[in-house]
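The file my_file_13.tsv contains TSV, C-alpha atoms:
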```
chain	number	residue	atom	x	y	z
A	1	MET	CA	119.35	77.00	84.20
A	2	SER	CA	116.25	74.95	83.43
A	3	CYS	CA	113.79	75.73	80.68
A	4	GLN	CA	111.13	76.39	83.30
A	5	ASN	CA	113.31	79.00	85.01
A	6	PHE	CA	114.09	80.55	81.69
A	7	GLN	CA	110.46	80.86	80.65
A	8	GLU	CA	109.42	82.24	84.04
A	9	ASN	CA	111.93	85.07	83.67
A	10	LEU	CA	111.40	85.63	79.96
A	11	PRO	CA	109.11	88.70	80.32
A	12	GLU	CA	111.67	90.37	82.60
A	13	LEU	CA	114.46	89.60	80.11
A	14	ILE	CA	112.52	91.22	77.27
A	15	GLU	CA	111.66	94.33	79.30
A	16	GLY	CA	115.23	94.67	80.55
A	17	SER	CA	114.63	94.41	84.28
A	18	LEU	CA	116.99	91.53	85.08
A	19	THR	CA	120.37	91.96	86.74
A	20	PRO	CA	123.49	91.60	84.56
A	21	ASP	CA	124.23	88.18	86.08
A	22	GLN	CA	120.71	87.00	85.34
A	23	VAL	CA	120.98	88.25	81.75
A	24	VAL	CA	124.21	86.32	81.30
A	25	ALA	CA	122.58	83.15	82.65
A	26	MET	CA	119.53	83.59	80.41
A	27	ASN	CA	121.66	84.23	77.31
A	28	GLY	CA	123.74	81.19	78.16
A	29	HIS	CA	120.62	79.02	78.27
A	30	VAL	CA	119.31	80.46	75.00
A	31	ALA	CA	122.59	79.59	73.29
A	32	GLU	CA	122.12	75.96	74.24
A	33	CYS	CA	118.35	75.41	74.04
A	34	SER	CA	116.65	75.83	70.67
A	35	ALA	CA	113.13	75.54	72.13
A	36	CYS	CA	113.74	78.44	74.51
A	37	ARG	CA	115.42	80.40	71.76
A	38	GLN	CA	112.30	80.04	69.63
A	39	ARG	CA	110.16	81.02	72.58
A	40	LEU	CA	112.25	84.16	73.09
A	41	GLN	CA	111.92	85.08	69.41
A	42	ALA	CA	108.15	84.48	69.55
A	43	GLU	CA	107.76	86.73	72.60
A	44	GLN	CA	109.82	89.47	70.99
A	45	ALA	CA	107.69	89.22	67.84
A	46	VAL	CA	104.51	89.50	69.91
A	47	ALA	CA	105.80	92.54	71.77
A	48	HIS	CA	106.82	94.24	68.53
A	49	THR	CA	103.64	93.40	66.62
A	50	LEU	CA	101.16	94.30	69.34
A	51	SER	CA	102.94	97.54	70.27
A	52	ARG	CA	103.00	98.60	66.63
A	53	ALA	CA	99.38	97.57	66.10
A	54	PHE	CA	98.17	99.48	69.16
A	55	ARG	CA	100.04	102.61	68.14
A	56	GLN	CA	98.79	102.50	64.58
A	57	GLN	CA	95.27	102.02	65.92
A	58	VAL	CA	95.10	104.85	68.41
A	59	ASN	CA	97.84	107.38	67.70
A	60	PRO	CA	95.61	109.40	65.33
A	61	LEU	CA	93.05	109.89	68.10
A	62	THR	CA	93.07	113.18	70.01
A	63	LEU	CA	90.69	114.90	72.37
A	64	PRO	CA	88.19	117.19	70.62
A	65	ALA	CA	88.87	120.91	70.68
A	66	ASP	CA	85.97	121.62	73.04
A	67	PHE	CA	86.95	118.92	75.57
A	68	SER	CA	88.31	121.38	78.13
A	69	LYS	CA	85.22	123.56	77.84
A	70	ARG	CA	82.94	120.56	78.45
A	71	LEU	CA	85.13	119.39	81.31
A	72	PHE	CA	84.98	122.71	83.15
A	73	ALA	CA	81.25	122.95	82.53
A	74	ALA	CA	80.82	119.53	84.12
A	75	LEU	CA	83.07	120.64	86.98
A	76	GLN	CA	80.85	123.67	87.63
A	77	GLU	CA	77.73	121.52	87.65
A	78	THR	CA	79.12	119.16	90.25
A	79	ALA	CA	80.95	121.75	92.38
A	80	PRO	CA	79.78	121.90	96.01
A	81	VAL	CA	77.59	124.91	96.93
A	82	LYS	CA	79.63	127.56	98.70
A	83	ASN	CA	78.78	130.51	100.97
A	84	VAL	CA	75.57	129.01	102.26
A	85	PRO	CA	75.22	129.91	105.93
A	86	VAL	CA	75.03	126.81	108.06
A	87	LYS	CA	72.80	127.11	111.07
A	88	THR	CA	74.43	125.93	114.27
A	89	ALA	CA	72.55	125.04	117.38
A	90	PRO	CA	73.27	126.92	120.65
A	91	LEU	CA	75.91	125.38	122.90
A	92	TRP	CA	73.49	124.41	125.68
A	93	GLU	CA	71.28	122.62	123.16
A	94	THR	CA	74.28	120.71	121.80
A	95	LEU	CA	75.39	119.62	125.28
A	96	VAL	CA	71.91	118.60	126.49
A	97	GLY	CA	71.05	116.93	123.20
A	98	GLY	CA	74.30	114.99	123.30
A	99	TRP	CA	73.68	113.86	126.86
A	100	MET	CA	70.09	112.90	126.18
A	101	ARG	CA	71.22	110.58	123.41
A	102	TYR	CA	72.91	108.32	125.98
A	103	PHE	CA	70.33	108.65	128.75
A	104	TRP	CA	68.06	105.72	127.98
A	105	PRO	CA	70.74	103.09	127.22
A	106	THR	CA	72.57	104.09	130.40
A	107	ALA	CA	69.40	103.94	132.49
A	108	LEU	CA	68.60	100.49	131.15
A	109	ALA	CA	72.10	99.20	131.91
A	110	VAL	CA	71.95	100.57	135.49
A	111	CYS	CA	68.56	98.90	136.08
A	112	LEU	CA	69.88	95.56	134.89
A	113	VAL	CA	72.92	95.75	137.20
A	114	ILE	CA	70.79	96.77	140.20
A	115	GLY	CA	68.34	93.99	139.46
A	116	PHE	CA	71.06	91.36	139.23
A	117	LEU	CA	72.80	92.43	142.45
A	118	GLY	CA	69.52	92.87	144.29
A	119	PHE	CA	68.38	89.40	143.36
A	120	HIS	CA	71.46	87.84	144.93
A	121	PHE	CA	71.30	89.99	148.06
A	122	ILE	CA	67.63	89.20	148.58
A	123	PHE	CA	67.99	85.50	147.76
A	124	PRO	CA	71.48	84.48	149.02
A	125	GLY	CA	70.66	80.77	148.91
A	126	ALA	CA	69.74	80.87	145.26
A	127	PRO	CA	70.78	77.63	143.54
A	128	LEU	CA	73.83	77.46	141.31
A	129	ALA	CA	73.61	74.86	138.58
A	130	HIS	CA	76.65	75.04	136.38
A	131	ASP	CA	77.61	71.43	135.75
A	132	GLY	CA	74.35	69.82	134.67
A	133	LEU	CA	73.87	67.97	137.99
A	134	ALA	CA	71.18	68.54	140.65
A	135	PRO	CA	71.10	72.16	141.79
A	136	VAL	CA	72.89	72.93	145.06
A	137	THR	CA	73.18	76.00	147.21
A	138	VAL	CA	76.26	78.17	147.37
A	139	ALA	CA	77.14	76.75	150.77
A	140	GLN	CA	76.89	73.19	149.52
A	141	ALA	CA	78.98	73.98	146.38
A	142	GLU	CA	81.81	75.20	148.58
A	143	GLN	CA	81.97	71.75	150.26
A	144	GLN	CA	82.08	69.81	147.04
A	145	VAL	CA	84.36	69.22	144.09
A	146	SER	CA	82.85	68.90	140.61
A	147	ILE	CA	84.55	66.40	138.33
A	148	GLN	CA	83.84	65.80	134.69
A	149	CYS	CA	85.44	63.50	132.18
A	150	ASP	CA	84.55	62.13	128.78
A	151	PHE	CA	85.39	58.79	127.18
A	152	ARG	CA	84.68	56.96	123.95
A	153	LEU	CA	82.48	53.90	124.18
A	154	PRO	CA	82.91	51.41	121.31
A	155	THR	CA	79.78	49.96	119.78
A	156	LEU	CA	79.86	46.89	117.52
A	157	THR	CA	77.11	46.26	114.99
A	158	PHE	CA	76.74	43.23	112.75
A	159	HIS	CA	74.86	42.86	109.52
A	160	ARG	CA	74.72	40.13	106.87
A	161	VAL	CA	75.64	40.77	103.23
A	162	GLY	CA	75.05	37.57	101.25
A	163	ASN	CA	77.06	34.84	102.90
A	164	GLN	CA	79.22	37.24	104.82
A	165	VAL	CA	78.74	38.94	108.15
A	166	ILE	CA	80.12	42.47	108.27
A	167	ASP	CA	81.01	43.99	111.61
A	168	THR	CA	81.20	47.70	112.06
A	169	VAL	CA	82.78	49.56	114.99
A	170	SER	CA	81.50	52.96	115.95
A	171	TYR	CA	82.34	55.15	118.89
A	172	GLU	CA	80.08	57.13	121.12
A	173	THR	CA	81.50	59.90	123.26
A	174	VAL	CA	80.11	59.79	126.81
A	175	VAL	CA	80.48	62.65	129.23
A	176	ALA	CA	80.43	61.69	132.88
A	177	SER	CA	79.99	64.26	135.62
A	178	GLU	CA	80.10	63.78	139.36
A	179	ARG	CA	80.21	65.94	142.42
A	180	LEU	CA	82.32	64.62	145.31
A	181	PRO	CA	82.64	65.91	148.84
A	182	ARG	CA	85.70	67.97	149.45
A	183	ASP	CA	87.82	65.86	151.83
A	184	GLU	CA	90.56	68.04	153.21
A	185	GLY	CA	91.29	66.32	156.55
A	186	LYS	CA	91.84	62.68	155.57
A	187	ALA	CA	95.03	61.22	154.10
A	188	GLY	CA	95.19	58.71	151.26
A	189	PRO	CA	93.09	58.26	148.09
A	190	GLN	CA	89.34	57.95	148.38
A	191	LYS	CA	87.52	55.32	146.34
A	192	GLN	CA	84.46	56.60	144.61
A	193	THR	CA	81.94	54.87	142.38
A	194	TRP	CA	80.68	56.67	139.33
A	195	LYS	CA	76.93	56.87	139.42
A	196	THR	CA	76.44	58.16	135.91
A	197	PRO	CA	74.18	55.83	133.86
A	198	LEU	CA	75.61	54.67	130.53
B	1	MET	CA	104.70	123.75	85.79
B	2	ASP	CA	106.61	120.61	86.75
B	3	GLU	CA	104.81	117.60	88.11
B	4	ASN	CA	105.20	118.56	91.78
B	5	GLN	CA	103.86	122.04	91.13
B	6	VAL	CA	100.90	120.63	89.21
B	7	ALA	CA	100.18	118.21	92.04
B	8	ALA	CA	100.34	120.98	94.63
B	9	ALA	CA	98.10	123.24	92.54
B	10	LEU	CA	95.66	120.38	92.06
B	11	ARG	CA	95.43	119.84	95.81
B	12	GLY	CA	94.71	123.56	96.08
B	13	GLN	CA	91.80	123.00	93.64
B	14	ASP	CA	93.38	125.34	91.11
B	15	PRO	CA	91.59	124.94	87.75
B	16	ALA	CA	94.82	125.84	85.95
B	17	ALA	CA	96.30	122.58	87.27
B	18	LEU	CA	93.43	120.64	85.74
B	19	GLN	CA	94.00	122.41	82.43
B	20	GLU	CA	97.67	121.43	82.65
B	21	LEU	CA	96.75	117.79	83.23
B	22	VAL	CA	94.45	117.77	80.21
B	23	ALA	CA	97.15	119.30	78.03
B	24	ASN	CA	99.88	116.92	79.21
B	25	TYR	CA	98.01	113.65	79.51
B	26	GLY	CA	94.62	113.98	77.86
B	27	ASP	CA	95.44	112.46	74.49
B	28	ARG	CA	97.42	109.60	75.98
B	29	LEU	CA	94.61	108.77	78.38
B	30	LEU	CA	92.12	108.90	75.52
B	31	ARG	CA	94.15	106.42	73.48
B	32	SER	CA	94.48	104.03	76.41
B	33	ALA	CA	90.76	104.36	77.15
B	34	CYS	CA	89.92	103.57	73.51
B	35	LEU	CA	91.90	100.34	73.68
B	36	LEU	CA	90.28	99.42	76.99
B	37	CYS	CA	86.67	100.11	76.07
B	38	GLY	CA	86.73	99.81	72.27
B	39	ASP	CA	84.75	102.95	71.50
B	40	PRO	CA	86.17	106.48	71.11
B	41	THR	CA	82.94	108.16	72.29
B	42	GLU	CA	82.80	106.10	75.45
B	43	ALA	CA	86.51	106.71	75.88
B	44	GLN	CA	86.01	110.49	75.85
B	45	ASP	CA	83.36	110.20	78.56
B	46	LEU	CA	85.66	108.02	80.63
B	47	VAL	CA	88.56	110.45	80.25
B	48	GLN	CA	86.33	113.37	81.25
B	49	GLU	CA	85.17	111.47	84.32
B	50	THR	CA	88.78	110.57	85.11
B	51	PHE	CA	89.81	114.22	85.22
B	52	LEU	CA	86.75	115.19	87.26
B	53	GLN	CA	87.46	112.49	89.79
B	54	ALA	CA	91.14	113.39	89.89
B	55	PHE	CA	90.26	117.02	90.65
B	56	ARG	CA	87.80	116.07	93.38
B	57	SER	CA	90.13	113.58	95.06
B	58	ALA	CA	93.40	115.46	94.52
B	59	SER	CA	94.11	115.43	98.25
B	60	ARG	CA	94.48	111.63	98.06
B	61	PHE	CA	97.40	111.86	95.62
B	62	GLN	CA	100.43	111.12	97.79
B	63	GLY	CA	103.10	111.48	95.14
B	64	ARG	CA	104.21	107.84	95.51
B	65	SER	CA	103.65	107.34	91.79
B	66	GLY	CA	103.72	109.72	88.84
B	67	LEU	CA	100.67	111.80	87.98
B	68	TYR	CA	99.99	109.81	84.81
B	69	THR	CA	100.12	106.48	86.68
B	70	TRP	CA	97.65	107.85	89.21
B	71	LEU	CA	95.33	109.12	86.48
B	72	HIS	CA	95.56	105.82	84.62
B	73	GLY	CA	94.62	103.97	87.80
B	74	ILE	CA	91.49	106.12	88.06
B	75	LEU	CA	90.74	105.41	84.41
B	76	LEU	CA	91.05	101.65	84.95
B	77	ASN	CA	88.62	101.74	87.88
B	78	LEU	CA	86.12	103.83	85.96
B	79	THR	CA	86.36	101.53	82.93
B	80	ARG	CA	85.65	98.50	85.09
B	81	ARG	CA	82.70	100.21	86.72
B	82	HIS	CA	81.41	101.28	83.30
B	83	HIS	CA	81.65	97.72	81.97
B	84	ARG	CA	79.86	96.31	84.99
B	85	LYS	CA	76.98	98.68	84.42
B	86	HIS	CA	76.61	98.45	80.69
B	87	HIS	CA	77.88	95.08	79.56
B	88	ARG	CA	76.52	91.59	80.01
B	89	LEU	CA	78.61	88.58	80.87
B	90	VAL	CA	78.61	85.57	78.59
B	91	TYR	CA	79.35	82.21	80.17
B	92	ASP	CA	80.62	79.63	77.76
B	93	ASP	CA	82.88	76.61	77.86
B	94	GLU	CA	85.96	78.74	78.33
B	95	PRO	CA	87.38	78.53	81.84
B	96	LEU	CA	87.09	82.31	82.29
B	97	GLN	CA	84.13	84.63	81.77
B	98	GLN	CA	84.22	86.76	78.64
B	99	GLU	CA	82.59	90.13	78.31
B	100	VAL	CA	80.66	90.84	75.16
B	101	ALA	CA	80.34	94.51	74.36
B	102	PRO	CA	76.98	95.73	73.12
B	103	GLU	CA	76.54	96.75	69.52
B	104	VAL	CA	77.80	100.22	68.75
B	105	GLU	CA	74.53	102.05	68.32
B	106	ARG	CA	75.37	104.89	66.02
B	107	PRO	CA	78.99	104.84	64.98
B	108	SER	CA	80.14	108.01	63.33
B	109	ALA	CA	82.35	107.84	60.28
B	110	LEU	CA	85.31	108.75	62.45
B	111	ASP	CA	84.59	106.00	64.96
B	112	TRP	CA	83.78	103.30	62.47
B	113	ASP	CA	87.32	102.66	61.32
B	114	PHE	CA	88.40	102.23	64.90
B	115	THR	CA	85.54	100.09	66.15
B	116	SER	CA	85.44	97.82	63.15
B	117	SER	CA	89.14	97.06	62.99
B	118	ALA	CA	90.23	93.49	63.57
B	119	LEU	CA	92.38	94.54	66.52
B	120	THR	CA	89.55	96.37	68.29
B	121	VAL	CA	87.12	93.52	67.72
B	122	ALA	CA	89.63	90.97	68.99
B	123	LEU	CA	90.40	93.10	72.06
B	124	ARG	CA	86.75	93.52	72.92
B	125	GLN	CA	86.27	89.78	72.87
B	126	LEU	CA	88.82	89.34	75.62
B	127	SER	CA	87.74	89.51	79.23
B	128	GLU	CA	88.54	92.73	81.04
B	129	PRO	CA	91.53	91.47	83.08
B	130	HIS	CA	93.19	90.14	79.91
B	131	ARG	CA	92.50	93.29	77.94
B	132	GLU	CA	94.00	95.39	80.71
B	133	VAL	CA	97.29	93.48	80.82
B	134	LEU	CA	97.71	93.70	77.05
B	135	VAL	CA	97.12	97.45	77.03
B	136	LEU	CA	99.35	98.07	80.03
B	137	ARG	CA	102.13	95.91	78.62
B	138	TYR	CA	102.14	96.71	74.92
B	139	PHE	CA	100.72	100.24	74.85
B	140	GLU	CA	101.69	101.75	78.19
B	141	ASN	CA	104.97	99.75	78.19
B	142	LEU	CA	104.73	98.95	81.87
B	143	LYS	CA	107.01	96.33	83.37
B	144	ILE	CA	105.65	93.23	85.05
B	145	GLN	CA	106.28	94.61	88.56
B	146	GLU	CA	104.62	97.92	87.70
B	147	MET	CA	101.58	96.15	86.28
B	148	ALA	CA	101.31	93.97	89.36
B	149	ALA	CA	101.40	97.08	91.56
B	150	GLN	CA	98.81	98.94	89.53
B	151	LEU	CA	96.40	96.01	89.22
B	152	GLU	CA	97.10	94.82	92.79
B	153	VAL	CA	97.79	91.21	91.84
B	154	SER	CA	100.91	89.05	91.90
B	155	THR	CA	103.51	88.99	89.12
B	156	GLY	CA	102.60	85.35	88.52
B	157	THR	CA	99.01	86.35	87.84
B	158	ILE	CA	100.16	89.05	85.44
B	159	LYS	CA	102.30	86.60	83.48
B	160	SER	CA	99.52	84.03	83.39
B	161	ARG	CA	96.99	86.59	82.11
B	162	LEU	CA	99.46	87.88	79.52
B	163	HIS	CA	100.12	84.40	78.19
B	164	TYR	CA	96.42	83.59	77.92
B	165	ALA	CA	95.63	86.96	76.33
B	166	ILE	CA	98.30	86.56	73.66
B	167	VAL	CA	97.13	83.06	72.78
B	168	GLU	CA	93.54	84.29	72.49
B	169	MET	CA	94.53	87.28	70.37
B	170	GLN	CA	96.44	84.95	68.06
B	171	LYS	CA	93.26	82.91	67.57
B	172	ARG	CA	91.10	85.96	66.89
B	173	LEU	CA	93.37	88.13	64.76
B	174	PRO	CA	93.73	87.52	61.05
B	175	ALA	CA	96.60	85.23	60.11
B	176	GLU	CA	98.25	88.11	58.30
B	177	MET	CA	99.00	89.84	61.60
B	178	ASN	CA	101.38	86.98	62.32
B	179	LEU	CA	101.73	87.61	66.05
B	180	PHE	CA	104.25	84.92	66.79
B	181	GLY	CA	106.52	85.66	63.89
B	182	THR	CA	105.91	82.32	62.19
B	183	ALA	CA	105.83	81.98	58.42
B	184	GLY	CA	103.43	84.52	56.96
B	185	THR	CA	103.19	87.38	54.56
B	186	ASN	CA	105.58	90.29	54.77
B	187	LYS	CA	102.97	92.79	53.65
B	188	GLU	CA	102.22	95.73	55.90
B	189	GLU	CA	98.56	95.14	56.67
B	190	SER	CA	96.37	98.03	57.70
B	191	ILE	CA	94.92	97.28	61.07
```
As structure tokens:
Amino acid sequence: MSCQNFQENLPELIEGSLTPDQVVAMNGHVAECSACRQRLQAEQAVAHTLSRAFRQQVNPLTLPADFSKRLFAALQETAPVKNVPVKTAPLWETLVGGWMRYFWPTALAVCLVIGFLGFHFIFPGAPLAHDGLAPVTVAQAEQQVSIQCDFRLPTLTFHRVGNQVIDTVSYETVVASERLPRDEGKAGPQKQTWKTPL
Amino acid sequence: MDENQVAAALRGQDPAALQELVANYGDRLLRSACLLCGDPTEAQDLVQETFLQAFRSASRFQGRSGLYTWLHGILLNLTRRHHRKHHRLVYDDEPLQQEVAPEVERPSALDWDFTSSALTVALRQLSEPHREVLVLRYFENLKIQEMAAQLEVSTGTIKSRLHYAIVEMQKRLPAEMNLFGTAGTNKEESI
């Protein structure tokens, strides 16, 4: 057993909560290590001295004779009020009042849903612009494939420090988006040129 | 009444159960409270509040621990709340905050011996977490695991606080108390 292990388990050894095997191991280490033996004796002295000091300090103290009387008086003061009739509302008032609480939020939600659906029924060709490119109609979007990729573009900068030139590399992330026609009939890869400006 | 009967009566809000608690545990709680707060008058108020709270929240007592452990847990929480309200924190070069108790305003003759003793003064100079572990360990005789459960921290934290608290007490107590058993006088010193 190492001294570190011993000292970690020292409080449990003193309080008697180690297993018999652990106690044997600890005692075996104490027999061989004078530093840990001294540490054990110091801890035992602390436990004895502080316990005795605390008891000498407070054992003479007792609750005053009128403590219970004061306690029950305080209990009476803070007791909840009993036998007070609680007025309850009629059932119909409870039901209507409960329903009315949810009326306005529900009405607002229904109006929003109707407005959203109505807008798309009235304006079926409304543009969809999800990918940051020029807006297209729903019909056009169905004929196209949207592609997006990002890449890191290195940038070199040079500056002079005394007689030396220091070069610094930094990277800029570029996001390129493109919309290509959906080509379902033709075989083979299609060559496309990216039009995104750098 | 045995402990289960007292607990059941307490849940039924029977005042006789409260009277039983005071008779069985009142003095012990008072002594622990005195060590924790350093003033017998404050300690009486804390013990009274502990019993009141225990009576009001009796339904929350599940029986997983003993009645005294439960009461002592209430006392610890009330003591912490009391210190937060009435004490100021002093920040110094020490790595941990230390609480400095206010001056005892009008100590009675009975209180003076307690509040002026070297042990009480040294205890009050410790921070609350360190004071708690000393009282739980060396007055309540709790084991490390029990202390960790009551204070809701790890056993490593308990051991670390204990070690620091003992070192600090050694610095603050008179040399005659001889905490570590090194060479000193053999006289029985009044504390």
Quick one: which residues from chain A are at most 6 Å off chain B, using only C-alpha atoms, as a PDB file with C-alpha atoms, in the coordinates of the input?
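The file below, iface08.pdb, is the result:
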```pdb
ATOM      1  CA  ALA A  42     108.150  84.480  69.550  1.00  0.00           C
ATOM      2  CA  ALA A  45     107.690  89.220  67.840  1.00  0.00           C
ATOM      3  CA  VAL A  46     104.510  89.500  69.910  1.00  0.00           C
ATOM      4  CA  SER A  51     102.940  97.540  70.270  1.00  0.00           C
ATOM      5  CA  VAL A  58      95.100 104.850  68.410  1.00  0.00           C
ATOM      6  CA  THR A  62      93.070 113.180  70.010  1.00  0.00           C
ATOM      7  CA  LEU A  63      90.690 114.900  72.370  1.00  0.00           C
TER       8      LEU A  63
END
```
Practice prompt. Show which residues sit within 7 Å of region 73-75 of chain B, as a list in words. Count only C-alpha atoms, and ignore same-chain residues fewer than 3 positions away.
Written response: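 In the requested format, the answer is Leu46, Val47, Thr50, Thr69, Trp70, Leu78, Thr79 and Gln150 of chain B.
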Worksheet item: By how many Å are CA of Ala16 (chain B) and CA of Ser68 (chain A) apart?
Response: 11.1 Å
Fill in: Coordinates-based distance that separates CA of Leu136 (chain B) from CA of Thr41 (chain B) (Å, one decimal)
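Those two atoms sit 20.8 Å apart.
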Worksheet entry | Interatomic distance, CA of Ala122 (chain B) to CA of Tyr25 (chain B) (Å, one decimal) | 26.4 Å
Do you know which residues are at most 10 Å from Pro11 (chain A) counting only C-alpha atoms, after dropping those on the same chain fewer than 4 positions away, and could you put them as an mmCIF file with C-alpha atoms, keeping the file's coordinate frame?
```cif
data_model
loop_
_atom_site.group_PDB
_atom_site.id
_atom_site.type_symbol
_atom_site.label_atom_id
_atom_site.label_comp_id
_atom_site.auth_asym_id
_atom_site.auth_seq_id
_atom_site.Cartn_x
_atom_site.Cartn_y
_atom_site.Cartn_z
ATOM 1 C CA PHE A 6 114.090 80.550 81.690
ATOM 2 C CA GLN A 7 110.460 80.860 80.650
ATOM 3 C CA GLU A 15 111.660 94.330 79.300
ATOM 4 C CA GLY A 16 115.230 94.670 80.550
ATOM 5 C CA SER A 17 114.630 94.410 84.280
ATOM 6 C CA LEU A 18 116.990 91.530 85.080
ATOM 7 C CA LEU A 40 112.250 84.160 73.090
ATOM 8 C CA GLU A 43 107.760 86.730 72.600
ATOM 9 C CA GLN A 44 109.820 89.470 70.990
ATOM 10 C CA ALA A 47 105.800 92.540 71.770
ATOM 11 C CA LYS B 143 107.010 96.330 83.370
ATOM 12 C CA ILE B 144 105.650 93.230 85.050
ATOM 13 C CA LYS B 159 102.300 86.600 83.480
ATOM 14 C CA LEU B 162 99.460 87.880 79.520
#
```
Practice prompt. Determine the nearest neighbour of Val121 (chain B) from the options B:Val133, B:His82, B:Cys37, B:Asn24, counting only C-alpha atoms.
Written response: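 For Val121 (chain B), the nearest of the given residues is B:Cys37.
With only C-alpha atoms as the atoms that count, the residue of B:His72, B:Glu128, B:Leu123, B:Glu152 with the shortest distance to Glu168 (chain B) is B:Leu123.
Look at Pro129 (chain B): the protein and nucleic acid residues within 10 Å of it, using only C-alpha atoms and passing over chain neighbours fewer than 5 places away, are Arg80, Gln98, Leu134, Leu151, Ile158, Arg161, Leu162 and Ala165 of chain B.
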Worksheet entry | Polymer residues at most 12 Å from Ala9 (chain B), only C-alpha atoms, same-chain spacing of 2 or more positions, as a ChimeraX atom specification | /B:1-7,11-21,55,58-59,61
What would the file look like if the residues just selected were written as an mmCIF file, keeping the file's coordinate frame with C-alpha atoms?
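Writing done, so here's part.cif:
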```
data_model
loop_
_atom_site.group_PDB
_atom_site.id
_atom_site.type_symbol
_atom_site.label_atom_id
_atom_site.label_comp_id
_atom_site.auth_asym_id
_atom_site.auth_seq_id
_atom_site.Cartn_x
_atom_site.Cartn_y
_atom_site.Cartn_z
ATOM 1 C CA MET B 1 104.700 123.750 85.790
ATOM 2 C CA ASP B 2 106.610 120.610 86.750
ATOM 3 C CA GLU B 3 104.810 117.600 88.110
ATOM 4 C CA ASN B 4 105.200 118.560 91.780
ATOM 5 C CA GLN B 5 103.860 122.040 91.130
ATOM 6 C CA VAL B 6 100.900 120.630 89.210
ATOM 7 C CA ALA B 7 100.180 118.210 92.040
ATOM 8 C CA ARG B 11 95.430 119.840 95.810
ATOM 9 C CA GLY B 12 94.710 123.560 96.080
ATOM 10 C CA GLN B 13 91.800 123.000 93.640
ATOM 11 C CA ASP B 14 93.380 125.340 91.110
ATOM 12 C CA PRO B 15 91.590 124.940 87.750
ATOM 13 C CA ALA B 16 94.820 125.840 85.950
ATOM 14 C CA ALA B 17 96.300 122.580 87.270
ATOM 15 C CA LEU B 18 93.430 120.640 85.740
ATOM 16 C CA GLN B 19 94.000 122.410 82.430
ATOM 17 C CA GLU B 20 97.670 121.430 82.650
ATOM 18 C CA LEU B 21 96.750 117.790 83.230
ATOM 19 C CA PHE B 55 90.260 117.020 90.650
ATOM 20 C CA ALA B 58 93.400 115.460 94.520
ATOM 21 C CA SER B 59 94.110 115.430 98.250
ATOM 22 C CA PHE B 61 97.400 111.860 95.620
#
```
